[in-house]
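K.L.:
Enclosed is the structure file model11.csv (CSV, C-alpha atoms).
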chain,number,residue,atom,x,y,z
W,267,MET,CA,11.9,-20.1,10.2
W,268,LYS,CA,9.1,-22.6,10.4
W,269,LYS,CA,10.5,-26.1,10.1
W,270,ILE,CA,8.2,-29.0,9.7
W,271,LEU,CA,9.1,-32.3,8.1
W,272,LEU,CA,7.9,-32.9,4.5
W,273,PHE,CA,8.5,-34.8,1.3
W,274,LEU,CA,5.7,-36.2,-0.7
W,275,THR,CA,7.5,-39.2,-2.0
W,276,SER,CA,5.5,-41.4,0.3
W,277,PHE,CA,2.9,-41.2,-2.4
W,278,LEU,CA,5.4,-41.2,-5.3
W,279,PRO,CA,5.3,-44.5,-7.0
W,280,LEU,CA,8.4,-45.5,-8.6
W,281,ALA,CA,8.6,-47.6,-11.5
W,282,ALA,CA,11.0,-49.6,-13.4
W,283,ALA,CA,14.4,-50.9,-14.2
W,284,ALA,CA,15.6,-50.3,-17.7
W,285,GLN,CA,16.9,-46.8,-16.8
W,286,LEU,CA,17.5,-47.5,-13.1
W,287,ASN,CA,21.2,-48.4,-13.0
W,288,GLY,CA,21.5,-49.2,-9.3
W,289,ASP,CA,21.9,-46.9,-6.4
W,290,GLY,CA,22.8,-43.4,-7.4
W,291,TYR,CA,21.9,-39.8,-8.2
W,292,TYR,CA,19.1,-39.2,-10.7
W,293,ARG,CA,17.0,-36.4,-12.1
W,294,ILE,CA,13.3,-37.3,-12.6
W,295,GLN,CA,11.6,-36.0,-15.9
W,296,ASN,CA,8.0,-36.3,-16.9
W,297,ASN,CA,7.7,-38.1,-20.2
W,298,ALA,CA,4.8,-35.9,-21.5
W,299,SER,CA,5.5,-32.5,-20.2
W,300,GLU,CA,9.3,-33.0,-20.3
W,301,ARG,CA,9.5,-31.0,-17.0
W,302,TYR,CA,12.0,-32.0,-14.3
W,303,LEU,CA,10.9,-32.7,-10.7
W,304,THR,CA,12.3,-30.6,-7.8
W,305,LEU,CA,11.7,-30.6,-4.1
W,306,LYS,CA,11.0,-27.0,-3.0
W,307,ASP,CA,10.4,-27.6,0.7
W,308,ASN,CA,10.3,-30.2,3.4
W,309,VAL,CA,7.0,-29.5,5.1
W,310,ILE,CA,4.3,-32.1,5.8
W,311,ASN,CA,0.8,-30.9,6.5
W,312,GLY,CA,-1.4,-33.0,8.7
W,313,GLU,CA,-1.3,-36.8,9.1
W,314,VAL,CA,0.0,-39.0,6.3
W,315,ASP,CA,-2.8,-41.4,5.5
W,316,MET,CA,-1.0,-44.4,4.0
W,317,SER,CA,-4.3,-46.1,3.1
W,318,THR,CA,-5.4,-43.6,0.5
W,319,ALA,CA,-4.0,-42.0,-2.6
W,320,SER,CA,-4.8,-38.5,-1.4
W,321,ALA,CA,-1.8,-36.4,-0.6
W,322,ASP,CA,-0.6,-32.8,-0.5
W,323,VAL,CA,2.2,-32.9,-3.0
W,324,SER,CA,2.6,-29.1,-3.4
W,325,ASN,CA,6.1,-29.3,-2.0
W,326,LEU,CA,7.0,-30.8,-5.4
W,327,ARG,CA,7.5,-28.5,-8.4
W,328,SER,CA,8.4,-29.3,-12.0
W,329,TRP,CA,10.3,-27.2,-14.4
W,330,ARG,CA,10.6,-27.2,-18.2
W,331,GLY,CA,14.0,-26.7,-19.7
W,332,PHE,CA,17.3,-28.0,-18.6
W,333,ASP,CA,18.5,-24.5,-17.9
W,334,GLN,CA,15.9,-24.4,-15.0
W,335,VAL,CA,17.5,-27.3,-13.2
W,336,GLU,CA,21.2,-27.5,-14.4
W,337,SER,CA,22.4,-25.6,-11.2
W,338,ASN,CA,19.6,-26.7,-8.9
W,339,PRO,CA,20.5,-29.3,-6.1
W,340,ALA,CA,16.7,-29.7,-5.5
W,341,SER,CA,16.5,-31.5,-8.8
W,342,ILE,CA,18.9,-34.3,-7.6
W,343,PHE,CA,17.4,-37.4,-6.0
W,344,TYR,CA,19.5,-40.2,-4.5
W,345,ILE,CA,17.7,-43.5,-5.1
W,346,MET,CA,18.8,-46.4,-2.8
W,347,ASN,CA,17.6,-50.0,-3.1
W,348,MET,CA,16.4,-51.4,0.2
W,349,GLY,CA,15.8,-54.9,-1.1
W,350,GLY,CA,13.7,-56.3,-3.9
W,351,TYR,CA,11.5,-53.6,-5.4
W,352,LYS,CA,11.7,-51.3,-2.3
W,353,TYR,CA,13.6,-48.1,-2.7
W,354,ASN,CA,14.4,-45.1,-0.5
W,355,LEU,CA,14.6,-41.6,-2.0
W,356,ILE,CA,17.0,-39.1,-0.4
W,357,ALA,CA,16.9,-35.4,-1.4
W,358,GLN,CA,17.5,-32.0,0.2
W,359,GLY,CA,18.5,-33.4,3.6
W,360,THR,CA,15.5,-35.7,4.1
W,361,SER,CA,14.1,-39.0,2.8
W,362,ILE,CA,10.9,-41.0,2.2
W,363,TYR,CA,11.7,-43.3,5.0
W,364,ASP,CA,12.2,-40.4,7.4
W,365,ILE,CA,9.0,-38.6,6.6
W,366,THR,CA,6.8,-41.7,6.9
W,367,GLY,CA,8.1,-42.3,10.4
W,368,GLY,CA,10.2,-45.3,9.4
W,369,ARG,CA,7.2,-47.1,7.8
W,370,LYS,CA,7.4,-46.8,4.1
W,371,TYR,CA,9.7,-47.2,1.1
W,372,ILE,CA,8.7,-46.8,-2.6
W,373,ASP,CA,8.1,-49.7,-4.9
W,374,ILE,CA,9.8,-49.4,-8.3
W,375,TYR,CA,8.4,-51.4,-11.2
W,376,ASP,CA,9.4,-51.6,-14.8
W,377,GLN,CA,6.8,-50.1,-17.2
W,378,ALA,CA,5.7,-52.3,-20.0
W,379,SER,CA,7.3,-50.0,-22.6
W,380,GLY,CA,10.7,-50.4,-20.9
W,381,SER,CA,11.5,-46.7,-21.5
W,382,TYR,CA,9.1,-44.8,-19.1
W,383,TYR,CA,8.7,-44.9,-15.4
W,384,LEU,CA,5.5,-44.7,-13.5
W,385,PHE,CA,5.7,-43.6,-9.9
W,386,GLU,CA,3.4,-45.9,-8.0
W,387,VAL,CA,3.0,-46.9,-4.3
W,388,SER,CA,0.4,-49.2,-3.1
W,389,SER,CA,-1.2,-49.4,0.4
W,390,GLY,CA,-4.3,-51.2,1.3
W,391,GLY,CA,-5.0,-52.0,-2.3
W,392,VAL,CA,-4.9,-48.4,-3.3
W,393,ALA,CA,-2.4,-47.1,-5.8
W,394,GLY,CA,-1.1,-43.6,-5.7
W,395,HIS,CA,0.2,-41.9,-8.9
W,396,LEU,CA,2.1,-38.7,-9.3
W,397,TYR,CA,1.0,-36.6,-12.3
W,398,ASP,CA,2.6,-33.5,-13.8
W,399,SER,CA,0.2,-30.8,-15.0
W,400,ASN,CA,-0.8,-31.0,-18.6
W,401,ASP,CA,-0.1,-27.4,-19.6
W,402,ARG,CA,2.9,-25.9,-21.5
W,403,ALA,CA,4.1,-23.5,-18.8
W,404,VAL,CA,7.7,-23.4,-17.7
W,405,ARG,CA,6.7,-24.2,-14.1
W,406,GLY,CA,4.3,-27.1,-13.5
W,407,SER,CA,2.2,-28.2,-10.5
W,408,VAL,CA,2.3,-31.8,-9.3
W,409,THR,CA,-0.8,-33.7,-8.3
W,410,THR,CA,-2.1,-37.1,-7.4
W,411,LYS,CA,-4.8,-37.0,-10.1
W,412,GLY,CA,-4.5,-35.9,-13.7
W,413,ASP,CA,-4.1,-36.7,-17.4
W,414,ARG,CA,-3.0,-40.3,-17.7
W,415,ALA,CA,-0.2,-39.4,-20.2
W,416,TYR,CA,1.4,-37.2,-17.5
W,417,GLN,CA,1.9,-40.0,-14.9
W,418,PHE,CA,4.9,-41.5,-16.6
W,419,TRP,CA,8.4,-40.4,-15.7
W,420,ARG,CA,12.0,-41.0,-16.7
W,421,LEU,CA,14.8,-41.6,-14.3
W,422,LEU,CA,18.0,-40.0,-15.6
W,423,PRO,CA,21.3,-40.8,-14.0
W,424,VAL,CA,23.4,-37.6,-13.2
W,425,THR,CA,26.5,-37.5,-15.3
W,426,THR,CA,29.2,-35.1,-16.3
W,427,ASP,CA,27.8,-35.0,-19.8
W,428,ALA,CA,24.2,-34.1,-20.8
W,429,ASN,CA,22.6,-34.5,-17.4
W,430,TYR,CA,25.2,-32.6,-15.4
W,431,ILE,CA,25.1,-30.2,-12.4
W,432,GLY,CA,26.9,-26.9,-13.0
W,433,LEU,CA,27.6,-24.1,-10.6
W,434,LYS,CA,26.1,-20.7,-11.5
W,435,PRO,CA,28.0,-17.7,-10.0
W,436,THR,CA,26.1,-14.6,-8.9
W,437,VAL,CA,28.8,-11.9,-8.7
W,438,GLU,CA,31.7,-10.9,-10.8
W,439,ALA,CA,34.8,-9.6,-8.9
W,440,ALA,CA,38.0,-8.2,-10.3
W,441,ASP,CA,39.7,-11.7,-10.2
W,442,GLY,CA,36.8,-13.9,-11.4
W,443,TRP,CA,33.2,-15.0,-10.8
W,444,TYR,CA,32.0,-16.1,-7.4
W,445,GLY,CA,28.9,-17.8,-6.0
W,446,THR,CA,27.7,-19.9,-3.0
W,447,ILE,CA,26.1,-23.3,-2.8
W,448,CYS,CA,24.7,-25.4,0.1
W,449,ALA,CA,24.0,-29.0,-1.1
W,450,SER,CA,22.8,-32.0,1.0
W,451,PHE,CA,25.1,-34.3,-1.0
W,452,PRO,CA,28.9,-34.5,-1.1
W,453,PHE,CA,30.4,-33.7,-4.5
W,454,GLU,CA,33.6,-33.5,-6.5
W,455,LEU,CA,34.7,-30.9,-8.9
W,456,ASN,CA,34.6,-31.9,-12.5
W,457,SER,CA,36.0,-28.7,-14.0
W,458,SER,CA,39.5,-27.6,-13.4
W,459,ASN,CA,38.7,-23.9,-13.3
W,460,VAL,CA,36.6,-24.1,-10.1
W,461,THR,CA,37.9,-23.6,-6.6
W,462,VAL,CA,35.9,-24.0,-3.4
W,463,TYR,CA,36.3,-22.2,-0.1
W,464,TYR,CA,34.6,-21.5,3.2
W,465,VAL,CA,35.0,-18.5,5.6
W,466,ASP,CA,37.1,-19.3,8.7
W,467,GLY,CA,37.8,-15.8,9.9
W,468,VAL,CA,36.0,-12.5,10.2
W,469,GLY,CA,37.4,-9.2,11.6
W,470,THR,CA,36.7,-5.5,11.4
W,471,GLY,CA,35.8,-4.8,7.8
W,472,GLN,CA,37.4,-8.0,6.5
W,473,PHE,CA,37.1,-11.7,6.1
W,474,GLN,CA,39.4,-14.5,4.9
W,475,LEU,CA,38.7,-17.7,2.9
W,476,LYS,CA,40.1,-21.2,3.4
W,477,GLN,CA,40.3,-23.4,0.4
W,478,ILE,CA,38.9,-26.9,0.6
W,479,GLU,CA,41.7,-29.0,-1.0
W,480,ASP,CA,40.2,-32.4,-0.4
W,481,GLU,CA,38.8,-34.2,-3.4
W,482,VAL,CA,35.3,-34.4,-1.9
W,483,ILE,CA,33.4,-31.4,-0.8
W,484,PRO,CA,31.5,-32.5,2.3
W,485,ALA,CA,27.7,-32.8,2.3
W,486,THR,CA,25.7,-30.0,4.1
W,487,THR,CA,28.6,-27.6,3.9
W,488,PRO,CA,27.9,-24.0,2.9
W,489,VAL,CA,30.7,-23.0,0.6
W,490,ILE,CA,31.9,-20.2,-1.8
W,491,PHE,CA,33.1,-21.2,-5.2
W,492,LYS,CA,35.3,-19.2,-7.6
W,493,THR,CA,35.5,-19.7,-11.4
W,494,ASN,CA,36.5,-17.9,-14.5
W,495,SER,CA,33.1,-18.5,-16.2
W,496,ASN,CA,29.5,-17.7,-15.5
W,497,ASN,CA,28.3,-20.6,-17.7
W,498,PRO,CA,27.3,-23.6,-15.5
W,499,ALA,CA,28.4,-26.0,-18.3
W,500,ASP,CA,31.9,-24.8,-17.6
W,501,ASN,CA,31.6,-25.3,-13.8
W,502,LYS,CA,30.5,-28.9,-13.5
W,503,ILE,CA,30.4,-30.9,-10.3
W,504,ILE,CA,29.5,-34.5,-9.7
W,505,PRO,CA,27.6,-35.8,-6.6
W,506,VAL,CA,29.3,-38.7,-4.9
W,507,PHE,CA,28.5,-41.0,-2.0
W,508,GLU,CA,31.5,-40.8,0.3
W,509,ALA,CA,32.2,-40.6,4.0
W,510,THR,CA,33.3,-37.0,4.6
W,511,THR,CA,33.7,-34.6,7.5
W,512,ALA,CA,32.5,-31.0,7.3
W,513,PRO,CA,34.8,-28.3,8.6
W,514,THR,CA,34.1,-27.2,12.1
W,515,ASP,CA,35.4,-23.6,11.7
W,516,ASN,CA,33.0,-22.6,8.9
W,517,LEU,CA,31.4,-19.2,9.6
W,518,LEU,CA,28.9,-19.5,6.7
W,519,GLY,CA,25.3,-20.5,7.1
W,520,GLY,CA,23.2,-22.2,4.4
W,521,THR,CA,19.7,-23.3,3.6
W,522,TYR,CA,18.1,-25.8,1.3
W,523,PHE,CA,14.7,-24.1,1.0
W,524,SER,CA,13.1,-20.8,0.3
W,525,SER,CA,9.3,-21.5,0.2
W,526,ARG,CA,6.5,-19.3,1.4
W,527,ASN,CA,3.6,-21.1,-0.2
W,528,ARG,CA,0.5,-21.5,1.9
W,529,ASN,CA,1.0,-24.3,4.4
W,530,HIS,CA,4.5,-24.9,2.9
W,531,GLU,CA,6.7,-22.4,4.6
W,532,ALA,CA,10.4,-23.3,4.8
W,533,TYR,CA,12.7,-20.3,4.5
W,534,VAL,CA,15.4,-18.1,6.1
W,535,GLU,CA,14.6,-14.4,6.1
W,536,PHE,CA,17.5,-12.1,5.7
W,537,ASN,CA,18.4,-10.1,8.9
W,538,ALA,CA,21.0,-7.3,8.2
W,539,SER,CA,21.9,-7.2,11.9
W,540,LYS,CA,23.1,-10.7,11.9
W,541,MET,CA,23.8,-11.7,8.3
W,542,ARG,CA,25.6,-10.6,5.2
W,543,VAL,CA,25.3,-11.8,1.6
W,544,LEU,CA,27.9,-12.1,-1.1
W,545,GLY,CA,28.6,-9.1,-3.3
W,546,VAL,CA,31.2,-6.7,-4.7
W,547,ASP,CA,32.2,-3.1,-3.9
W,548,ALA,CA,32.8,-0.2,-6.3
W,549,ASP,CA,36.3,-1.5,-7.0
W,550,LYS,CA,35.0,-5.0,-7.7
W,551,ASN,CA,36.5,-6.4,-4.5
W,552,LEU,CA,34.6,-9.5,-3.2
W,553,ILE,CA,32.6,-8.5,-0.1
W,554,PHE,CA,29.9,-9.7,2.3
W,555,THR,CA,27.5,-6.9,2.5
W,556,GLU,CA,24.3,-5.8,4.3
W,557,ASP,CA,23.1,-4.3,1.0
W,558,ALA,CA,21.2,-7.3,-0.3
W,559,THR,CA,19.8,-5.7,-3.4
W,560,GLY,CA,19.4,-8.3,-6.0
W,561,ALA,CA,20.7,-11.1,-3.8
W,562,LEU,CA,17.4,-12.2,-2.1
W,563,THR,CA,14.1,-13.5,-3.2
W,564,GLU,CA,11.1,-11.2,-3.6
W,565,ASN,CA,10.2,-12.0,0.0
W,566,ASN,CA,13.6,-10.8,1.4
W,567,ASP,CA,14.7,-14.4,1.9
W,568,ILE,CA,17.9,-16.2,1.3
W,569,PRO,CA,17.6,-18.1,-2.0
W,570,MET,CA,17.4,-21.9,-1.8
W,571,ASN,CA,20.6,-23.9,-1.7
W,572,THR,CA,22.7,-20.7,-1.1
W,573,CYS,CA,24.7,-19.3,1.8
W,574,TRP,CA,25.2,-16.2,3.9
W,575,LEU,CA,27.9,-15.0,6.4
W,576,ASN,CA,27.0,-15.0,10.1
W,577,VAL,CA,28.1,-11.6,11.6
W,578,PRO,CA,30.2,-11.9,14.8
W,579,LYS,CA,29.1,-10.0,17.9
W,580,GLY,CA,30.5,-6.5,18.0
W,581,LEU,CA,31.0,-6.1,14.3
W,582,SER,CA,29.0,-4.1,11.8
W,583,GLY,CA,29.2,-2.8,8.2
W,584,ASP,CA,30.5,-4.7,5.2
W,585,PHE,CA,33.4,-7.2,5.1
W,586,LYS,CA,36.0,-7.3,2.3
W,587,LEU,CA,38.0,-10.3,1.3
W,588,VAL,CA,41.7,-10.1,2.3
W,589,ASP,CA,44.5,-12.6,1.7
W,590,ARG,CA,45.3,-14.8,4.7
W,591,GLY,CA,48.7,-13.0,5.3
W,592,SER,CA,46.9,-9.7,5.7
W,593,PHE,CA,44.1,-10.9,7.9
W,594,THR,CA,44.4,-9.3,11.4
W,595,ALA,CA,41.7,-10.7,13.7
W,596,ILE,CA,39.4,-13.6,14.2
W,597,LYS,CA,36.1,-13.1,16.0
W,598,SER,CA,34.0,-15.8,17.5
W,599,ILE,CA,30.4,-16.2,16.5
W,600,GLU,CA,27.3,-17.8,18.0
W,601,THR,CA,26.2,-21.1,16.3
W,602,SER,CA,23.5,-20.4,13.8
W,603,THR,CA,20.3,-22.4,14.0
W,604,ASN,CA,19.1,-21.4,10.5
W,605,GLY,CA,21.3,-23.7,8.4
W,606,PRO,CA,20.9,-27.4,7.6
W,607,SER,CA,21.3,-29.7,10.6
W,608,PRO,CA,22.1,-33.4,10.7
W,609,LYS,CA,19.0,-35.6,10.0
W,610,ALA,CA,18.2,-39.1,11.1
W,611,THR,CA,20.7,-41.9,10.9
W,612,TYR,CA,19.9,-45.3,9.3
W,613,THR,CA,21.6,-48.6,8.8
W,614,LEU,CA,22.2,-49.8,5.3
W,615,SER,CA,19.1,-51.8,5.5
W,616,GLY,CA,17.1,-48.7,6.2
W,617,VAL,CA,16.5,-49.2,9.9
W,618,ARG,CA,16.5,-45.9,11.8
W,619,VAL,CA,18.8,-45.7,14.8
W,620,ASP,CA,19.1,-43.4,17.7
W,621,ASN,CA,22.2,-41.2,16.9
W,622,SER,CA,22.1,-39.6,20.4
W,623,LYS,CA,23.7,-42.8,21.7
W,624,THR,CA,27.0,-44.5,20.8
W,625,LEU,CA,26.6,-46.3,17.5
W,626,GLN,CA,27.9,-49.8,17.1
W,627,PRO,CA,30.7,-50.3,14.6
W,628,GLY,CA,29.5,-50.5,11.0
W,629,VAL,CA,28.3,-48.4,8.1
W,630,TYR,CA,25.4,-45.9,8.4
W,631,ILE,CA,23.6,-43.4,6.2
W,632,GLN,CA,23.4,-39.9,7.7
W,633,ASP,CA,21.9,-36.9,5.9
W,634,GLY,CA,22.5,-38.6,2.5
W,635,ARG,CA,26.1,-39.6,3.1
W,636,LYS,CA,27.8,-42.8,4.2
W,637,VAL,CA,29.4,-42.7,7.7
W,638,VAL,CA,31.7,-45.5,8.9
W,639,ILE,CA,31.9,-46.2,12.6
W,640,ASN,CA,35.1,-48.0,13.7
W,641,LYS,CA,35.7,-49.9,16.9
Can you give me the file's structure in the form of structure tokens?

P.N.:
Amino acid sequence: MKKILLFLTSFLPLAAAAQLNGDGYYRIQNNASERYLTLKDNVINGEVDMSTASADVSNLRSWRGFDQVESNPASIFYIMNMGGYKYNLIAQGTSIYDITGGRKYIDIYDQASGSYYLFEVSSGGVAGHLYDSNDRAVRGSVTTKGDRAYQFWRLLPVTTDANYIGLKPTVEAADGWYGTICASFPFELNSSNVTVYYVDGVGTGQFQLKQIEDEVIPATTPVIFKTNSNNPADNKIIPVFEATTAPTDNLLGGTYFSSRNRNHEAYVEFNASKMRVLGVDADKNLIFTEDATGALTENNDIPMNTCWLNVPKGLSGDFKLVDRGSFTAIKSIETSTNGPSPKATYTLSGVRVDNSKTLQPGVYIQDGRKVVINK
């Protein structure tokens, strides 16, 4: 997989205050098109020229209809105040500060109307604006030039009510609905009918699940969820900002992106010799299978923000879920390099630090989550 760093928010101006209720998770909706902004890849092409308003913003995509984003972690942006009108945006495992080489935050100013937000960043006297396309299509293209009415955006705090995040399962087994998710943010369950697991054992023809019983599901952790409903509104989660530790025995891999656009390639291609995807067999038992029919994108890639099972050496075929008392063998696996990896570490004031060295005691931000270092 081609991995280059990207996120266009260095040219995203941020406006305002009436709807910005402090640090937190938001969706960003265009006022005119009513489409929601998403980050589809993290690729930056060429040098970032901070003195002009010209930028390649094709890693940003907008979608009309809440059903297009209600289960999409790419529509969630963490907005963090760095002092005054300066803000950092964190999404999908990267941030504005990271992709500008530690040089730039975003200015957020209140629009005169008090209800709309204009994304605006100034450098060398040049203001950059982010426009949504002015058509009525479900999917929109984001540019730095366009119809003036389409440069205004709303910042909508993520809640458990109208602006929620809901899990959408992909397979129905005999005992319920299942799906996978890989999110860059930690989250809590807001629906009592949802249970979250990861795979901690794989043997010949079988695998076992381990339930995550902690209140917070750690960030960057590929997981399986189980629910009794395939309606995302019944399977709500809420992103949080907590110090959490991901399990070290998780055999799942996960990805944030599935983009093959020209000059914006960020994807994990399915490899049946090393990977399995979630499915069910003829008896509706939950399995991880090499038959990926209907589980992949049209390019044979793992869908964004979803997971796969890494196949241990020496094993082949499909793997069926068994209860932990019936599981007979655990096989070791090689560490996958395809999943999300830890990003840069910052102080709370936004200063990037070298996390290859021992950190001084204090509070840091790492991959969108708070980390506390004690003496």

K.L.:
Which residue out of W:Val465, W:Ile503, W:Ala548, W:Leu433 has the minimum interatomic distance to Asp515 (chain W) when only C-alpha atoms are used?

P.N.:
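Ranked by minimum distance to Asp515 (chain W), first place goes to W:Val465.
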
K.L.:
Skipping near chain neighbours, those fewer than 4 positions away, what residues fall within 8 Å of Glu535 (chain W) using all atoms listed in the file, listed as a list of chain:residue names?

P.N.:
W:Met267, W:Asn565, W:Asn566, W:Asp567, W:Ile568

K.L.:
Between W:Leu396, W:Gly331, W:Thr510, W:Tyr353, which residue has the minimum interatomic distance to Thr410 (chain W), considering all atoms listed in the file?

P.N.:
W:Leu396

K.L.:
I'd like the interatomic distance between CA of Val588 (chain W) and CA of Lys492 (chain W), to a tenth of an Å.

P.N.:
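For CA of Val588 (chain W) relative to CA of Lys492 (chain W), the distance reads 14.9 Å.
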
K.L.:
What does the distance between CA of Thr563 (chain W) and CA of Asn537 (chain W) come to in Å, to one decimal place?

P.N.:
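Answer for the CA of Thr563 (chain W) to CA of Asn537 (chain W) separation: 13.3 Å.
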
K.L.:
Hey, which of W:Val468, W:Ile374, W:Leu286, W:Ile447 ends up closest to Tyr351 (chain W)? Count all atoms listed in the file.

P.N.:
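Among the listed residues, the smallest separation from Tyr351 (chain W) belongs to W:Ile374.
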
K.L.:
Counting only C-alpha atoms, which residue out of W:Val323, W:Met346, W:Ala439, W:Ile553 sits closest to Lys586 (chain W)?

P.N.:
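Smallest distance to Lys586 (chain W) is found for W:Ile553.
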
K.L.:
Which residue out of W:Thr511, W:Gln358, W:Ser582, W:Ser341 has the minimum interatomic distance to Ala538 (chain W) when all atoms listed in the file are used?

P.N.:
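Using all atoms listed in the file, the shortest distance to Ala538 (chain W) belongs to W:Ser582.
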
K.L.:
State, in Å with one decimal place, the distance from CA of Val404 (chain W) to CA of Arg301 (chain W).

P.N.:
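Between CA of Val404 (chain W) and CA of Arg301 (chain W) the gap is 7.8 Å.
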
K.L.:
What's the 7 Å shell around region 414-427 of chain W, counting all atoms listed in the file, without same-chain residues fewer than 4 positions away, as a PyMOL selection string?

P.N.:
chain W and resi 285-286+291-299+382-384+395-400+502+504

K.L.:
Give me the residues within 8 Å of Ser495 (chain W) as a list in words, counting all atoms listed in the file and dropping any in the same chain fewer than 5 places off.

P.N.:
Gly442, Trp443, Asp500 and Asn501 of chain W

K.L.:
Between W:Val408, W:Val506, W:Val546, W:Leu552, which is the closest to Gly290 (chain W) once you count all atoms listed in the file?

P.N.:
W:Val506
